[in-house]
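Asker: Input final-v3.pdb, format and content: PDB, C-alpha atoms and all ligand atoms.
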```
ATOM      1  CA  MET Z   1       0.000   0.000   0.000
ATOM      2  CA  SER Z   2       1.328   3.369  -0.978
ATOM      3  CA  LEU Z   3      -1.389   5.864  -0.172
ATOM      4  CA  LEU Z   4      -4.198   5.493   2.305
ATOM      5  CA  ILE Z   5      -6.895   8.101   2.788
ATOM      6  CA  ASN Z   6      -8.892   7.421   5.890
ATOM      7  CA  ASP Z   7     -12.156   9.228   6.667
ATOM      8  CA  LEU Z   8     -10.754  12.552   5.502
ATOM      9  CA  LYS Z   9     -12.605  15.780   6.158
ATOM     10  CA  LYS Z  10     -11.791  19.252   4.862
ATOM     11  CA  THR Z  11     -13.695  22.421   5.628
ATOM     12  CA  TYR Z  12     -12.834  25.906   4.394
ATOM     13  CA  ARG Z  13     -13.759  28.701   6.782
ATOM     14  CA  GLN Z  14     -14.370  32.284   5.787
ATOM     15  CA  GLY Z  15     -15.505  34.369   8.752
ATOM     16  CA  GLN Z  16     -18.691  32.764  10.086
ATOM     17  CA  GLU Z  17     -19.201  30.679   6.979
ATOM     18  CA  SER Z  18     -17.860  27.165   6.736
ATOM     19  CA  LEU Z  19     -17.840  25.113   3.592
ATOM     20  CA  THR Z  20     -17.256  21.371   3.821
ATOM     21  CA  ILE Z  21     -15.499  20.281   0.633
ATOM     22  CA  LEU Z  22     -14.559  16.711   1.578
ATOM     23  CA  SER Z  23     -16.134  14.460   4.189
ATOM     24  CA  HIS Z  24     -15.653  10.803   5.092
ATOM     25  CA  LEU Z  25     -13.358  10.418   2.125
ATOM     26  CA  ASN Z  26     -11.657   7.031   1.799
ATOM     27  CA  LEU Z  27      -9.205   5.724  -0.787
ATOM     28  CA  GLU Z  28      -6.441   3.170  -0.985
ATOM     29  CA  VAL Z  29      -3.864   3.350  -3.754
ATOM     30  CA  LYS Z  30      -1.538   0.380  -4.085
ATOM     31  CA  THR Z  31       2.128   0.559  -4.988
ATOM     32  CA  SER Z  32       2.600   1.236  -8.718
ATOM     33  CA  GLU Z  33      -1.122   1.799  -9.216
ATOM     34  CA  ILE Z  34      -2.337   4.728 -11.320
ATOM     35  CA  VAL Z  35      -5.628   6.119 -10.055
ATOM     36  CA  ALA Z  36      -7.617   8.857 -11.747
ATOM     37  CA  VAL Z  37      -9.683  11.274  -9.709
ATOM     38  CA  VAL Z  38     -12.402  12.785 -11.861
ATOM     39  CA  GLY Z  39     -15.114  15.222 -10.907
ATOM     40  CA  ALA Z  40     -16.831  18.413 -11.963
ATOM     41  CA  SER Z  41     -15.086  21.755 -11.628
ATOM     42  CA  GLY Z  42     -15.273  22.835  -7.992
ATOM     43  CA  SER Z  43     -15.827  19.301  -6.684
ATOM     44  CA  GLY Z  44     -12.631  19.494  -4.610
ATOM     45  CA  LYS Z  45     -10.064  17.659  -6.755
ATOM     46  CA  SER Z  46      -7.285  20.225  -6.299
ATOM     47  CA  THR Z  47      -8.157  20.570  -2.622
ATOM     48  CA  PHE Z  48      -7.744  16.814  -2.282
ATOM     49  CA  LEU Z  49      -4.306  16.856  -3.926
ATOM     50  CA  SER Z  50      -3.106  19.762  -1.790
ATOM     51  CA  LEU Z  51      -4.035  17.769   1.322
ATOM     52  CA  VAL Z  52      -2.204  14.661   0.098
ATOM     53  CA  ALA Z  53       0.801  16.872  -0.629
ATOM     54  CA  GLY Z  54       0.672  18.235   2.909
ATOM     55  CA  LEU Z  55       0.293  21.755   1.556
ATOM     56  CA  ASP Z  56      -2.893  22.411   3.500
ATOM     57  CA  TYR Z  57      -4.421  21.163   6.746
ATOM     58  CA  PHE Z  58      -7.411  18.856   7.063
ATOM     59  CA  ASP Z  59      -9.994  18.740   9.836
ATOM     60  CA  ASP Z  60     -10.363  15.048  10.454
ATOM     61  CA  GLY Z  61      -9.201  11.624   9.341
ATOM     62  CA  ASP Z  62      -5.738  10.747   8.129
ATOM     63  CA  ILE Z  63      -3.478  10.485   5.116
ATOM     64  CA  VAL Z  64      -0.829   7.769   5.178
ATOM     65  CA  ILE Z  65       1.922   7.739   2.561
ATOM     66  CA  ASN Z  66       4.376   4.831   2.602
ATOM     67  CA  ASN Z  67       3.223   3.940   6.112
ATOM     68  CA  GLN Z  68       3.832   7.488   7.356
ATOM     69  CA  SER Z  69       0.841   9.355   8.752
ATOM     70  CA  ILE Z  70       1.426  12.874   7.470
ATOM     71  CA  LYS Z  71      -0.555  14.550  10.246
ATOM     72  CA  LYS Z  72       2.135  13.425  12.668
ATOM     73  CA  LEU Z  73       4.720  15.532  10.827
ATOM     74  CA  ASN Z  74       5.420  19.141  11.702
ATOM     75  CA  ARG Z  75       5.904  21.721   8.979
ATOM     76  CA  VAL Z  76       9.655  21.204   8.609
ATOM     77  CA  GLN Z  77       9.344  17.421   8.653
ATOM     78  CA  MET Z  78       6.534  17.642   6.082
ATOM     79  CA  THR Z  79       8.658  19.760   3.751
ATOM     80  CA  HIS Z  80      11.421  17.184   3.927
ATOM     81  CA  PHE Z  81       9.034  14.248   3.573
ATOM     82  CA  ARG Z  82       7.409  15.884   0.542
ATOM     83  CA  ALA Z  83      10.747  16.474  -1.175
ATOM     84  CA  GLN Z  84      11.791  12.857  -0.537
ATOM     85  CA  ASN Z  85       8.546  11.136  -1.428
ATOM     86  CA  ILE Z  86       6.232  13.202  -3.591
ATOM     87  CA  GLY Z  87       6.529  14.420  -7.167
ATOM     88  CA  PHE Z  88       4.174  16.934  -8.782
ATOM     89  CA  VAL Z  89       2.954  17.855 -12.213
ATOM     90  CA  PHE Z  90       0.585  20.821 -12.354
ATOM     91  CA  GLN Z  91      -1.595  22.404 -15.015
ATOM     92  CA  GLN Z  92       0.575  25.536 -14.786
ATOM     93  CA  PHE Z  93       4.001  24.018 -15.121
ATOM     94  CA  HIS Z  94       5.623  25.779 -12.119
ATOM     95  CA  LEU Z  95       9.102  25.612 -13.596
ATOM     96  CA  VAL Z  96      11.796  28.030 -12.470
ATOM     97  CA  SER Z  97      11.842  30.544 -15.326
ATOM     98  CA  HIS Z  98      15.419  31.799 -14.962
ATOM     99  CA  LEU Z  99      16.915  28.283 -14.893
ATOM    100  CA  THR Z 100      17.632  26.127 -17.944
ATOM    101  CA  ALA Z 101      15.856  22.819 -18.551
ATOM    102  CA  TYR Z 102      18.951  21.059 -17.237
ATOM    103  CA  GLU Z 103      19.067  23.208 -14.092
ATOM    104  CA  ASN Z 104      15.341  22.770 -13.469
ATOM    105  CA  LEU Z 105      15.966  19.022 -13.290
ATOM    106  CA  CYS Z 106      18.958  19.358 -10.964
ATOM    107  CA  LEU Z 107      17.035  21.459  -8.474
ATOM    108  CA  PRO Z 108      14.992  18.733  -6.705
ATOM    109  CA  LEU Z 109      18.148  16.621  -6.301
ATOM    110  CA  GLU Z 110      20.170  19.552  -4.982
ATOM    111  CA  ILE Z 111      17.435  20.328  -2.456
ATOM    112  CA  LEU Z 112      17.662  16.706  -1.265
ATOM    113  CA  ASP Z 113      21.449  16.875  -1.225
ATOM    114  CA  ARG Z 114      21.534  13.756  -3.387
ATOM    115  CA  ASP Z 115      24.481  12.718  -5.479
ATOM    116  CA  PHE Z 116      23.772  12.820  -9.180
ATOM    117  CA  ASN Z 117      25.738  13.062 -12.373
ATOM    118  CA  LYS Z 118      25.320  14.871 -15.665
ATOM    119  CA  GLU Z 119      24.450  11.666 -17.534
ATOM    120  CA  GLU Z 120      21.477  11.051 -15.289
ATOM    121  CA  ILE Z 121      20.031  14.497 -15.983
ATOM    122  CA  LEU Z 122      20.647  14.226 -19.725
ATOM    123  CA  THR Z 123      18.981  10.799 -19.781
ATOM    124  CA  ALA Z 124      15.961  12.213 -17.950
ATOM    125  CA  LEU Z 125      15.729  15.008 -20.543
ATOM    126  CA  ASP Z 126      16.094  12.487 -23.357
ATOM    127  CA  ASN Z 127      13.341  10.320 -21.839
ATOM    128  CA  VAL Z 128      10.873  13.152 -22.382
ATOM    129  CA  GLY Z 129      12.200  14.095 -25.818
ATOM    130  CA  LEU Z 130      14.106  17.171 -24.657
ATOM    131  CA  ALA Z 131      17.666  16.159 -25.533
ATOM    132  CA  HIS Z 132      17.814  19.217 -27.809
ATOM    133  CA  ARG Z 133      16.550  21.649 -25.146
ATOM    134  CA  VAL Z 134      19.207  21.221 -22.438
ATOM    135  CA  THR Z 135      20.211  24.880 -22.212
ATOM    136  CA  HIS Z 136      16.800  26.368 -23.005
ATOM    137  CA  LYS Z 137      14.855  28.211 -20.328
ATOM    138  CA  PRO Z 138      11.102  27.645 -19.918
ATOM    139  CA  THR Z 139      10.402  31.012 -21.609
ATOM    140  CA  GLU Z 140      12.238  29.684 -24.664
ATOM    141  CA  MET Z 141      10.191  26.486 -24.805
ATOM    142  CA  SER Z 142       6.690  25.608 -26.036
ATOM    143  CA  GLY Z 143       3.869  24.654 -23.667
ATOM    144  CA  GLY Z 144       4.250  20.973 -24.551
ATOM    145  CA  GLU Z 145       7.990  21.110 -23.961
ATOM    146  CA  CYS Z 146       7.477  22.847 -20.610
ATOM    147  CA  GLN Z 147       5.042  20.188 -19.506
ATOM    148  CA  ARG Z 148       7.386  17.398 -20.585
ATOM    149  CA  LEU Z 149      10.099  19.086 -18.540
ATOM    150  CA  ALA Z 150       7.699  19.369 -15.588
ATOM    151  CA  LEU Z 151       7.000  15.642 -15.925
ATOM    152  CA  ALA Z 152      10.719  14.842 -15.896
ATOM    153  CA  ARG Z 153      11.166  17.106 -12.879
ATOM    154  CA  GLY Z 154       8.272  15.386 -11.081
ATOM    155  CA  LEU Z 155       9.980  12.005 -11.509
ATOM    156  CA  ILE Z 156      13.678  12.921 -11.196
ATOM    157  CA  ALA Z 157      13.932  12.211  -7.463
ATOM    158  CA  ARG Z 158      12.130   8.838  -7.925
ATOM    159  CA  PRO Z 159       9.165   9.763  -5.725
ATOM    160  CA  SER Z 160       7.029   7.045  -4.152
ATOM    161  CA  LEU Z 161       3.982   9.061  -5.160
ATOM    162  CA  LEU Z 162       3.327  11.297  -8.163
ATOM    163  CA  LEU Z 163       0.485  13.806  -7.939
ATOM    164  CA  ALA Z 164      -0.736  15.293 -11.210
ATOM    165  CA  ASP Z 165      -3.385  18.018 -11.410
ATOM    166  CA  GLU Z 166      -4.860  18.391 -14.922
ATOM    167  CA  PRO Z 167      -1.379  18.097 -16.479
ATOM    168  CA  SER Z 168      -2.681  18.599 -20.019
ATOM    169  CA  GLY Z 169      -5.223  21.250 -19.045
ATOM    170  CA  ASN Z 170      -3.208  24.124 -20.464
ATOM    171  CA  LEU Z 171      -2.269  22.483 -23.752
ATOM    172  CA  ASP Z 172      -4.085  22.220 -27.069
ATOM    173  CA  SER Z 173      -5.634  18.795 -27.590
ATOM    174  CA  GLU Z 174      -2.959  17.435 -29.932
ATOM    175  CA  THR Z 175      -0.047  18.542 -27.728
ATOM    176  CA  GLY Z 176      -1.945  17.425 -24.640
ATOM    177  CA  ALA Z 177      -2.451  13.951 -26.111
ATOM    178  CA  LYS Z 178       1.262  13.616 -26.867
ATOM    179  CA  VAL Z 179       2.254  14.782 -23.387
ATOM    180  CA  MET Z 180      -0.186  12.345 -21.805
ATOM    181  CA  ASN Z 181       1.128   9.438 -23.900
ATOM    182  CA  LEU Z 182       4.546  10.249 -22.527
ATOM    183  CA  PHE Z 183       3.092  10.663 -19.042
ATOM    184  CA  PHE Z 184       1.675   7.128 -19.027
ATOM    185  CA  GLU Z 185       4.816   5.698 -20.601
ATOM    186  CA  GLN Z 186       6.986   7.313 -17.921
ATOM    187  CA  VAL Z 187       4.885   6.492 -14.857
ATOM    188  CA  ARG Z 188       4.365   2.901 -16.030
ATOM    189  CA  SER Z 189       8.012   2.282 -16.869
ATOM    190  CA  THR Z 190       9.143   3.731 -13.525
ATOM    191  CA  LYS Z 191       6.260   1.950 -11.698
ATOM    192  CA  THR Z 192       5.475   5.193  -9.907
ATOM    193  CA  THR Z 193       2.310   5.221  -7.821
ATOM    194  CA  THR Z 194       0.235   8.023  -9.326
ATOM    195  CA  VAL Z 195      -2.875  10.043  -8.603
ATOM    196  CA  LEU Z 196      -4.024  11.840 -11.745
ATOM    197  CA  VAL Z 197      -6.667  14.529 -11.352
ATOM    198  CA  THR Z 198      -8.525  15.191 -14.559
ATOM    199  CA  HIS Z 199     -11.974  16.120 -15.831
ATOM    200  CA  ASP Z 200     -11.230  14.157 -19.011
ATOM    201  CA  MET Z 201     -12.973  10.784 -18.863
ATOM    202  CA  GLU Z 202     -10.911   9.393 -21.743
ATOM    203  CA  LEU Z 203      -7.683  10.070 -19.843
ATOM    204  CA  ALA Z 204      -9.186   8.654 -16.668
ATOM    205  CA  LYS Z 205     -10.017   5.414 -18.463
ATOM    206  CA  ARG Z 206      -6.349   4.922 -19.314
ATOM    207  CA  CYS Z 207      -5.539   4.676 -15.609
ATOM    208  CA  ASP Z 208      -5.740   1.400 -13.667
ATOM    209  CA  ARG Z 209      -8.772   2.680 -11.797
ATOM    210  CA  LEU Z 210     -10.894   5.774 -11.583
ATOM    211  CA  VAL Z 211     -12.781   7.342  -8.712
ATOM    212  CA  VAL Z 212     -15.366  10.080  -9.068
ATOM    213  CA  LEU Z 213     -15.369  12.933  -6.576
ATOM    214  CA  LYS Z 214     -18.925  14.062  -5.970
ATOM    215  CA  ASN Z 215     -20.558  15.785  -3.010
ATOM    216  CA  GLY Z 216     -17.335  15.486  -1.028
ATOM    217  CA  ASN Z 217     -17.020  11.760  -1.530
ATOM    218  CA  PHE Z 218     -15.524   9.171  -3.837
ATOM    219  CA  ASP Z 219     -17.843   7.070  -5.871
ATOM    220  CA  GLN Z 220     -15.467   4.184  -6.546
ATOM    221  CA  SER Z 221     -15.980   2.149  -9.680
ATOM    222  CA  LEU Z 222     -13.841   0.020 -11.921
ATOM    223  CA  ALA Z 223     -12.352   1.654 -14.984
TER     224      ALA Z 223
HETATM  225  P1  LIG U   1     -11.590  21.420  -8.378
HETATM  226  O1  LIG U   1     -10.115  21.298  -8.396
HETATM  227  O2  LIG U   1     -12.312  20.098  -8.356
HETATM  228  O3  LIG U   1     -12.112  22.285  -9.483
HETATM  229  P2  LIG U   1     -11.150  22.886  -5.899
HETATM  230  O4  LIG U   1     -10.547  21.885  -4.994
HETATM  231  O5  LIG U   1     -10.238  23.858  -6.527
HETATM  232  O6  LIG U   1     -12.028  22.137  -7.010
HETATM  233  O7  LIG U   1     -12.258  23.696  -5.098
HETATM  234  C1  LIG U   1     -13.330  23.038  -4.419
HETATM  235  C2  LIG U   1     -14.204  24.065  -3.742
HETATM  236  O8  LIG U   1     -13.492  24.661  -2.657
HETATM  237  C3  LIG U   1     -14.657  25.214  -4.635
HETATM  238  O9  LIG U   1     -16.000  25.486  -4.350
HETATM  239  C4  LIG U   1     -13.754  26.357  -4.229
HETATM  240  O10 LIG U   1     -14.412  27.585  -4.407
HETATM  241  C5  LIG U   1     -13.488  26.072  -2.772
HETATM  242  N1  LIG U   1     -12.169  26.553  -2.332
HETATM  243  C6  LIG U   1     -10.961  26.193  -2.862
HETATM  244  N2  LIG U   1      -9.939  26.767  -2.201
HETATM  245  C7  LIG U   1     -10.514  27.532  -1.224
HETATM  246  C8  LIG U   1      -9.991  28.390  -0.187
HETATM  247  N3  LIG U   1      -8.680  28.551  -0.027
HETATM  248  N4  LIG U   1     -10.880  28.992   0.624
HETATM  249  C9  LIG U   1     -12.207  28.791   0.479
HETATM  250  N5  LIG U   1     -12.763  28.006  -0.462
HETATM  251  C10 LIG U   1     -11.933  27.385  -1.311
HETATM  252 MG    MG U   2      -8.657  21.958  -9.763
END
```
Would you mind writing the structure in this file as structure tokens?
Answerer:
Amino acid sequence: MSLLINDLKKTYRQGQESLTILSHLNLEVKTSEIVAVVGASGSGKSTFLSLVAGLDYFDDGDIVINNQSIKKLNRVQMTHFRAQNIGFVFQQFHLVSHLTAYENLCLPLEILDRDFNKEEILTALDNVGLAHRVTHKPTEMSGGECQRLALARGLIARPSLLLADEPSGNLDSETGAKVMNLFFEQVRSTKTTTVLVTHDMELAKRCDRLVVLKNGNFDQSLA
């Protein structure tokens, strides 16, 4: 088991108002499994991912990643745990704009103080078809190239869990399809446990399993 969501509850508070987005949410994702979370806009998909990433607090329940309950971690421990264990790919690529493609890939490893060599980074770039973009900065790359770089960055530290939030949402359909082909190829070949948030049912069906987020809960069905 790689990810366990146990009776999770999340409420946003604004003054006197409180809005329960997730309640009694349960999910188990096995090692190397790719699970799609689908749901209408505003159903709480991004909220869910931010909780799994430990970027926001939840009210009740628990999230266990690789047998570690994340609510037992303080902020500093969570930051370290996240860097060690979780990779991200977002709709907006979140690359560092003043760094080259090569440097963007080094960054997660430098933060972890891990040993790495040039070959490893070049191979990772090659794996996502960016062997010819080593010294380019994100501003000098197309949307599809940026997202392929973001995918490589998400996987470079060999995370136990990859979280992807509408990774093709900002791309035209043809580019998006190519990026997602690469996405599946990469997560399957690296056997990375993955949660893919998408509103695209066709993409969701390519995952091992899909769950539908509706009224704060998962309606679990077989893909
Ligand atoms: P999705 O990603 O499925 O489109 P979100 O998780 O972004 O949905 O948002 C779910 C709901 O929570 C929405 O109604 C949104 O307005 C609300 N919401 C999101 N973030 C906040 C916040 N920081 N404070 C209050 N409400 C929020
Ligand atoms: Mg969202």
Asker: Please identify every residue of chain Z that has at least one atom no farther than 9 Å from an atom of ligand LIG 1 (chain U), counting only C-alpha atoms and all ligand atoms, and for each give the shortest atom pair and the distance in Å to one decimal, arranged by chain then increasing number, as a Markdown table.
Answerer:
```
| residue | atom | partner | partner_atom | distance |
| --- | --- | --- | --- | --- |
| Z:Thr11 | CA | U:LIG1 | N5 | 8.3 |
| Z:Tyr12 | CA | U:LIG1 | C9 | 4.9 |
| Z:Arg13 | CA | U:LIG1 | C9 | 6.5 |
| Z:Gln14 | CA | U:LIG1 | C9 | 6.7 |
| Z:Ser18 | CA | U:LIG1 | C9 | 8.6 |
| Z:Leu19 | CA | U:LIG1 | N5 | 7.1 |
| Z:Thr20 | CA | U:LIG1 | O8 | 8.2 |
| Z:Ile21 | CA | U:LIG1 | O8 | 5.8 |
| Z:Leu22 | CA | U:LIG1 | C1 | 8.8 |
| Z:Val38 | CA | U:LIG1 | O2 | 8.1 |
| Z:Gly39 | CA | U:LIG1 | O2 | 6.2 |
| Z:Ala40 | CA | U:LIG1 | O2 | 6.0 |
| Z:Ser41 | CA | U:LIG1 | O3 | 3.7 |
| Z:Gly42 | CA | U:LIG1 | O6 | 3.5 |
| Z:Ser43 | CA | U:LIG1 | O2 | 4.0 |
| Z:Gly44 | CA | U:LIG1 | O4 | 3.2 |
| Z:Lys45 | CA | U:LIG1 | O2 | 3.7 |
| Z:Ser46 | CA | U:LIG1 | O1 | 3.7 |
| Z:Thr47 | CA | U:LIG1 | O4 | 3.6 |
| Z:Phe48 | CA | U:LIG1 | O4 | 6.4 |
| Z:Leu49 | CA | U:LIG1 | O4 | 8.1 |
| Z:Ser50 | CA | U:LIG1 | O4 | 8.4 |
| Z:Asp165 | CA | U:LIG1 | O1 | 8.1 |
| Z:Glu166 | CA | U:LIG1 | O1 | 8.9 |
| Z:Val197 | CA | U:LIG1 | O1 | 8.2 |
| Z:Thr198 | CA | U:LIG1 | O2 | 8.8 |
| Z:His199 | CA | U:LIG1 | O2 | 8.5 |
| Z:Leu213 | CA | U:LIG1 | O2 | 8.0 |
```
Asker: What gap, in Å, lies between atom CA of Z:His132 and atom CA of Z:Thr175?
Answerer: 17.9 Å
Asker: Counting only C-alpha atoms, which of Z:Ser32, Z:Gln68, Z:Gln16, Z:Ser142 gets nearest to Z:Leu4?
Answerer: Z:Gln68
Asker: For this structure, which residues satisfy the selection - the PyMOL selection byres (((chain Z and resi 6) around 7) and not hetatm) - when it is evaluated on the file as given? I want them as JSON, numbers by chain.
Answerer: {"Z": [4, 5, 7, 8, 25, 26, 27, 61, 62, 63]}
Asker: Around stretch 5-13 of chain Z, fit a box with edges along x, y and z, padding it by 4 Å on each side, then list its centre and edge lengths in Å to one decimal as JSON.
Answerer:
```
{"center_x": -10.3, "center_y": 18.1, "center_z": 4.8, "size_x": 14.9, "size_y": 29.3, "size_z": 12.0}
```
Asker: Just the number, please: distance in Å from atom CA of Z:His80 to atom CA of Z:Ile65, one decimal.
Answerer: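 About the pair atom CA of Z:His80 and atom CA of Z:Ile65: they are 13.5 Å apart.
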Asker: Do you know which residues the PyMOL selection byres (((chain Z and resi 91-101) around 8) and not hetatm) returns on this file, as an NGL selection string?
Answerer: :Z and (89-90 or 102-105 or 133-139 or 146-147 or 149-150 or 165-170)
Asker: Just the number, please: distance in Å from atom CA of Z:Leu203 to atom CA of Z:Ala124, one decimal.
Answerer: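 Between atom CA of Z:Leu203 and atom CA of Z:Ala124 the gap works out to 23.8 Å.
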Asker: Would you translate the PyMOL selection byres (((chain Z and resi 85) around 10) and not hetatm) into the concrete set of residues it matches in this file, as a PyMOL selection string?
Answerer: chain Z and resi 53+65-66+80-84+86-87+157-162
Asker: Save out the residues we just selected, C-alpha atoms, as a short mmCIF file (atom, residue, chain, number, x, y, z; two decimals), in the coordinates of the input.
Answerer:
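The resulting part36.cif:
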```cif
data_model
loop_
_atom_site.label_atom_id
_atom_site.label_comp_id
_atom_site.auth_asym_id
_atom_site.auth_seq_id
_atom_site.Cartn_x
_atom_site.Cartn_y
_atom_site.Cartn_z
CA ALA Z 53 0.80 16.87 -0.63
CA ILE Z 65 1.92 7.74 2.56
CA ASN Z 66 4.38 4.83 2.60
CA HIS Z 80 11.42 17.18 3.93
CA PHE Z 81 9.03 14.25 3.57
CA ARG Z 82 7.41 15.88 0.54
CA ALA Z 83 10.75 16.47 -1.18
CA GLN Z 84 11.79 12.86 -0.54
CA ILE Z 86 6.23 13.20 -3.59
CA GLY Z 87 6.53 14.42 -7.17
CA ALA Z 157 13.93 12.21 -7.46
CA ARG Z 158 12.13 8.84 -7.92
CA PRO Z 159 9.16 9.76 -5.72
CA SER Z 160 7.03 7.04 -4.15
CA LEU Z 161 3.98 9.06 -5.16
CA LEU Z 162 3.33 11.30 -8.16
#
```
Asker: Go through Z:Val187, Z:Val76, Z:Ala164, Z:Leu122 one by one, measure the shortest atom-to-atom distance of each to ligand MG 2 (chain U) using all atoms listed in the file, and give the residue with the smallest value.
Answerer: Z:Ala164
Asker: Using only C-alpha atoms and all ligand atoms, which of the listed residues (Z:Leu151, Z:Val37, Z:Ser23, Z:Asp172) sits closest to ligand MG 2 (chain U)?
Answerer: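 With only C-alpha atoms and all ligand atoms as the atom set, the closest residue is Z:Val37.
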Asker: Which residue is closest to Z:Glu33? Choose from Z:Leu155, Z:Leu196, Z:Cys106, Z:Val64 and count all atoms listed in the file.
Answerer: Z:Leu196
Asker: Let me make sure I understand: among Z:Gln186, Z:Thr193, Z:Asn215, Z:Thr123, which one has the smallest atom-to-atom distance to Z:Glu28 if we use all atoms listed in the file?
Answerer: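 Looking only at the distances to Z:Glu28, the closest residue turns out to be Z:Thr193.
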Asker: Counting only C-alpha atoms, write as a PyMOL selection string all protein and nucleic acid residues lying at most 9 Å from (-6.2, 7.2, -11.0) in the file's frame.
Answerer: chain Z and resi 29+33-38+194-197+204-211
